[in-house]
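What follows is a short report on a single structure.
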Amino acid sequence: MALAQVERVRTELAALHPGTTTEVVPVKTTGDRWMGALSQVEGKGAFTKEVDAALLAGQADLAVHCVKDIPGDRPLPAGTTFAAFLKRDDVRDALIHPGGLTLDELPAGTRIGTSSVRRIAQLAASHPHLDCVPMRGNANRRMEKLAAGEADALLLAVSGLERIGRPDVITEILSVDAMCPPIGAGVLALQCREDDTDTIDAVSGLGDPATHRETMAERMLLHVLQGHCNSPIAGFATTDRRGELSLRASVFTPDGKTVLNAHEWAGPLTPETLGTSVAVALLRQGARELIDGIDH
């Protein structure tokens with residue numbers, strides 16, 4: 001997955017600046033090595049710590065991250081900055097079932113492979129007769145586990161399956177009403193050292209303005225909520241045909257029995273102010289107590 005994402009950036013950079021040469025610097029992260037619960041290591045930071053270190057040490061000049069994997073409850077490491085957010089891919093989740101059944105057709109007791117607290121909470125609310133079994137690893141590894149019988153079906157990101165060229169395995173694409181996406185879904189971020197103006201100038205043209213605004217609103221929401229890796233938080237911003245920005249978000253209890261919802265339009269507000277406003281609307285409903293009541 002990571003290499004596929006890097007290749008997309010290399011391709012787009014070569015198209016923007018013909019003749020540019022790049023070198024891939026592979027970094028194995030804690031999140032790649034650890035197959036247990038992320039809360040037992042460093043939360044979502046397990047996917048970024050080693051990459052951040054390589055960037056700050058000058059071993060790499062550009063980091064490519066899935067925004068959904070970047071912690072939102074703390075700032076970027078000092079000395080680094082986002083140079084661009086690539087045009088957003090599909091934000092939705094996909095069901096993979098070997099027998100071709102849809103989510104609503106799955107019988108009671110069907111084992112769904114996922115370790116996402118966001119997915120688990122929403123399934124508990126909408127399909128309490130299904131059982132979630134812990135499953136981590138990249139998409140290919142999870143599909144191997146499915147084939148080995150460790151689960152009866154999988155929930156994976158549509159964007160991830162498309163990036164590795166496997167949309168063919170999708171049984172059903174779930175609407176955002178059926179499964180609200182994670183913060184930063186479908187967005188690749190380019191991170192640089194903040195004093196590396198040459199690299200920032202070179203890659204900033206890869207950024208998509210609408211995706212930038214949406215991502216800033218979503219990440220501010222997550223920052224204000226102080227959501228951690230065990231927080232069942234979902235939300236996504238959209239830009240309509242008129243260029244109007246809106247943000248929808250939900251906070252769940254892990255068992256799905258309590259769901260807090262908020263949805264606002266930006267109007268004259270900045271993306272960051274919109275994110276703050278939606279977060280405050282959720283906090284007024286009790287999101288702080290709900291989030292703080294979950295171990296992490």
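Within each chain, counting starts at residue 1; across the structure tokens, chains are named A, B, ... in the order shown, with ligands numbered 1 upward in that order.
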Open item on the list: Need to verify the contact set: Thr239 of chain A, 12 Å, only C-alpha atoms, exclusion of same-chain residues closer than 2 positions in sequence. Can you return it as number ranges by chain?
Closed with: A: 88, 208-215, 217, 236-237, 241-248, 265-267, 271
Open item on the list: Taking 3 positions as the minimum chain separation for residues in the same chain, which residues sit within 9 Å of segment 14-20 of chain A when counting only C-alpha atoms? Answer as a list of chain:residue names.
Closed with: A:Val9, A:Arg10, A:Thr11, A:Ala202, A:Val203, A:Gly205, A:Leu206
Open item on the list: Measuring between only C-alpha atoms, which one of A:Met1, A:Cys192, A:Met143, A:Val91 shows the shortest distance to Ala78 of chain A?
Closed with: A:Cys192
- [ ] Taking the DSSP assignment computed from this structure's backbone, write out as JSON, numbers by chain all residues of segment 48-100 of chain A that belong to alpha helix (DSSP H).
- [x] {"A": [49, 50, 51, 52, 53, 54, 55, 56]}
TODO: Tell me which protein, DNA and RNA residues are within 10 Å of segment 118-122 of chain A, counting only C-alpha atoms, leaving out same-chain ones fewer than 6 positions away, and put them as number ranges by chain.
DONE: A: 93, 112, 128, 130-134, 155-156, 178-182, 229-234, 250-259
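Using only C-alpha atoms, the shortest contact distance between Leu221 of chain A and any of A:His65, A:Lys28, A:His263, A:Arg193 is found at A:His263.
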- [ ] Would you kindly return, as a list of chain:residue names, each protein, DNA or RNA residue with an atom no farther than 10 Å from any atom of segment 149-153 of chain A, considering only C-alpha atoms and excluding same-chain residues fewer than 6 positions away?
- [x]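 Everything that qualifies: A:Leu95, A:Ile96, A:His97, A:Pro98, A:Gly99, A:Gly100, A:Leu101, A:Leu103, A:Leu106, A:Gly109, A:Thr110, A:Arg111, A:Ile112, A:Gly113, A:Thr114, A:Asp131, A:Cys132, A:Val133, A:Pro134, A:Met135, A:Arg142, A:Met143, A:Thr171.
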Task: Shell of 7 Å around Ala157 of chain A, only C-alpha atoms, local chain residues under 3 positions omitted, as a ChimeraX atom specification - done: /A:92-94,160-161
Open item on the list: To one decimal place in Å, what is the distance between atom CA of Thr80 of chain A and atom CA of Val67 of chain A?
Closed with: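 Calculated distance between atom CA of Thr80 of chain A and atom CA of Val67 of chain A is 14.8 Å.
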Task: Among the residues A:Leu146, A:Leu86, A:Val25, A:Ile291, the one that comes closest to Gly58 of chain A [using only C-alpha atoms] - done: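 Nearest to Gly58 of chain A: A:Val25.
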Task: segment 17-217 of chain A: residues DSSP assigns to strand (DSSP E), reported as an NGL selection string - done: :A and (63-66 or 80-85 or 93-96 or 111-113 or 131-133 or 153-157 or 172-173 or 188-193)
Those same residues, written as a tab-separated table (two decimals), in the first residue's frame with C-alpha atoms?
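Contents of the output file result_28.tsv:
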chain	number	residue	atom	x	y	z
A	63	ALA	CA	6.94	11.81	3.52
A	64	VAL	CA	3.73	10.38	2.08
A	65	HIS	CA	1.02	9.66	4.66
A	66	CYS	CA	-2.60	8.58	4.70
A	80	THR	CA	7.72	19.67	9.81
A	81	THR	CA	4.74	20.87	7.83
A	82	PHE	CA	2.17	19.68	5.32
A	83	ALA	CA	3.22	20.79	1.83
A	84	ALA	CA	0.18	19.46	-0.01
A	85	PHE	CA	-2.88	17.23	0.14
A	93	ASP	CA	-15.81	1.54	2.97
A	94	ALA	CA	-16.22	-1.70	1.05
A	95	LEU	CA	-17.51	-5.11	2.08
A	96	ILE	CA	-15.69	-8.16	0.82
A	111	ARG	CA	-17.51	-12.75	11.48
A	112	ILE	CA	-16.39	-9.38	10.11
A	113	GLY	CA	-12.64	-8.87	10.09
A	131	ASP	CA	-19.56	-10.35	15.10
A	132	CYS	CA	-16.36	-8.35	14.63
A	133	VAL	CA	-13.04	-10.18	14.91
A	153	ALA	CA	-16.05	-11.10	5.48
A	154	LEU	CA	-13.94	-7.94	5.57
A	155	LEU	CA	-14.49	-4.21	5.70
A	156	LEU	CA	-11.76	-2.27	3.91
A	157	ALA	CA	-11.36	1.21	2.46
A	172	GLU	CA	-20.58	-3.91	-1.91
A	173	ILE	CA	-19.57	-0.27	-1.49
A	188	LEU	CA	-2.72	11.47	0.94
A	189	ALA	CA	-0.63	14.13	2.67
A	190	LEU	CA	2.85	15.27	1.68
A	191	GLN	CA	4.95	16.25	4.69
A	192	CYS	CA	8.27	18.12	4.52
A	193	ARG	CA	10.72	19.86	6.80
Open item on the list: Excluding Asp292 of chain A and its own-chain neighbours fewer than 5 positions away, which residues fall within 10 Å of it when counting only C-alpha atoms? Please give them as JSON, numbers by chain.
Closed with: {"A": [225, 226, 227, 228, 231, 287]}
